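Working notes, structure below.
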Amino acid sequence: MFHRTIRQPRRDALKLEDFADKEPKFILEEFFSGTLRGYGMTIGRLGGFQNRFTIDARGRFDASANVLSLTEDYFFDDGHSDTLTWTILKRSENRYEGRETLIDGTAEGEQSGCAFRWQYARDVPDVDGSKTRFGFDDWFILHDERHMSVHASLTKLGVEVATLEAFYERVG
């Protein structure tokens with residue numbers, strides 16, 4: 001039987017400036033305002049399937065404070081769940097800073113064209129209730145006003161241990 005190995009692009013091969021002229025422009029607070037539904041899966045470092053999940057998200061942008069309040073509920077196929085409750089401050093036209101109860105410090109984000117890069121470290125709950133600290137390097141790519149894909153690299157002690165692939169759809 002023929003087996004073909006698909007090589008994943010290196011994370012540092014993606015550059016925000018490569019997306020600068022790509023439309024539609026991804027404006028975080030616009031896309032995440034309202035109700036969203038997402039679907040995804042996690043793939044281990046050596047290519048093995050780890051899990052599937054769905055996401056229910058709700059966001060609201062307060063323009064007077066420049067703050068996006070976003071709640072994401074993740075439901076994994078092994079029965080456990082995880083809720084992220086974000087407070088995201090829009091620092092400038094293209095820069096964001098986020099806080100969430102299980103992240104270490106703050107998340108840093110930057111937007112260019114149709115892309116948004118979000119980086120942080122977070123204690124992620126497992127099915128047994130334990131938590132593991134992972135670094136996240138998330139790339140959000142807007143396809144149209146209702147659809148966005150996500151590619152994330154999960155690292156532990158600086159080594160990539162998994163990737164996450166997901167997509168979101170605005171439903172309200």
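Ordering of the structure tokens sets the chain letters (A, B, ...); residue numbers start at 1 within each chain; ligands are numbered from 1 in the order shown.
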Report task. List the neighbours of A:Phe31 out to 10 Å using only C-alpha atoms; skip same-chain residues closer than 4 positions along the sequence, and give me the result as a PyMOL selection string. Result -> chain A and resi 26-27+35-36+59+142+144-148+168-170
Selection above as a file: N, CA and C atoms, as a compact mmCIF listing (two decimals), in the first residue's frame:
# COMPACT_ATOMS: atom_id res chain seq x y z
N PHE A 26 -10.12 41.29 7.85
CA PHE A 26 -10.60 40.65 9.07
C PHE A 26 -10.55 41.66 10.22
N ILE A 27 -11.72 42.06 10.69
CA ILE A 27 -11.83 42.96 11.83
C ILE A 27 -12.41 42.11 12.96
N THR A 35 -23.38 35.57 17.50
CA THR A 35 -23.33 34.14 17.82
C THR A 35 -22.62 33.40 16.70
N LEU A 36 -21.72 32.49 17.10
CA LEU A 36 -20.96 31.71 16.13
C LEU A 36 -20.98 30.24 16.50
N GLY A 59 -20.14 36.84 21.27
CA GLY A 59 -19.32 38.01 21.51
C GLY A 59 -20.10 39.30 21.45
N LEU A 142 -10.07 34.97 7.41
CA LEU A 142 -11.46 35.27 7.05
C LEU A 142 -11.69 34.95 5.58
N ASP A 144 -15.13 35.01 4.15
CA ASP A 144 -16.18 35.96 3.79
C ASP A 144 -16.79 36.45 5.09
N GLU A 145 -17.83 37.26 5.03
CA GLU A 145 -18.37 37.87 6.26
C GLU A 145 -18.92 36.85 7.26
N ARG A 146 -19.17 35.60 6.84
CA ARG A 146 -19.75 34.60 7.74
C ARG A 146 -18.83 33.43 8.08
N HIS A 147 -17.68 33.28 7.37
CA HIS A 147 -16.86 32.08 7.53
C HIS A 147 -15.38 32.41 7.75
N MET A 148 -14.79 31.68 8.71
CA MET A 148 -13.39 31.87 9.05
C MET A 148 -12.77 30.52 9.37
N TYR A 168 -15.15 28.53 11.79
CA TYR A 168 -16.26 29.18 12.46
C TYR A 168 -17.25 29.69 11.42
N GLU A 169 -18.51 29.70 11.82
CA GLU A 169 -19.56 30.29 11.00
C GLU A 169 -20.41 31.20 11.89
N ARG A 170 -20.63 32.41 11.41
CA ARG A 170 -21.53 33.33 12.12
C ARG A 170 -22.95 32.84 11.90
Query - Those of stretch 53-155 of chain A in DSSP strand (DSSP E), formatted as a PyMOL selection string - result: chain A and resi 53-62+67-76+81-90+95-99+107-112+115-125+131-144+147-155
**Report entry** All residues 8 Å or closer to A:Leu84, only C-alpha atoms, same chain fewer than 2 positions away omitted, as a ChimeraX atom specification
**Finding:** /A:70-73,82,86,100-101
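By only C-alpha atoms, and with residues fewer than 4 positions from A:Tyr74 along its chain excluded, the set lying at most 6 Å from it is Thr54, Ile55, Ser81 and Asp82 of chain A.
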Report task. Enumerate the residues of chain A with a DSSP assignment of alpha helix (DSSP H), computed from the backbone, and present them as a PyMOL selection string. Result -> chain A and resi 28-31
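When only C-alpha atoms are used to measure the gap to A:Asp128, the shortest distance among A:Pro24, A:Gly34, A:Gly79, A:Gly158 belongs to A:Gly79.
Compared by their closest atoms to A:Leu46, and using only C-alpha atoms, the residues A:Val124, A:Leu89, A:Ala115, A:Ala162 rank with A:Ala162 nearest.
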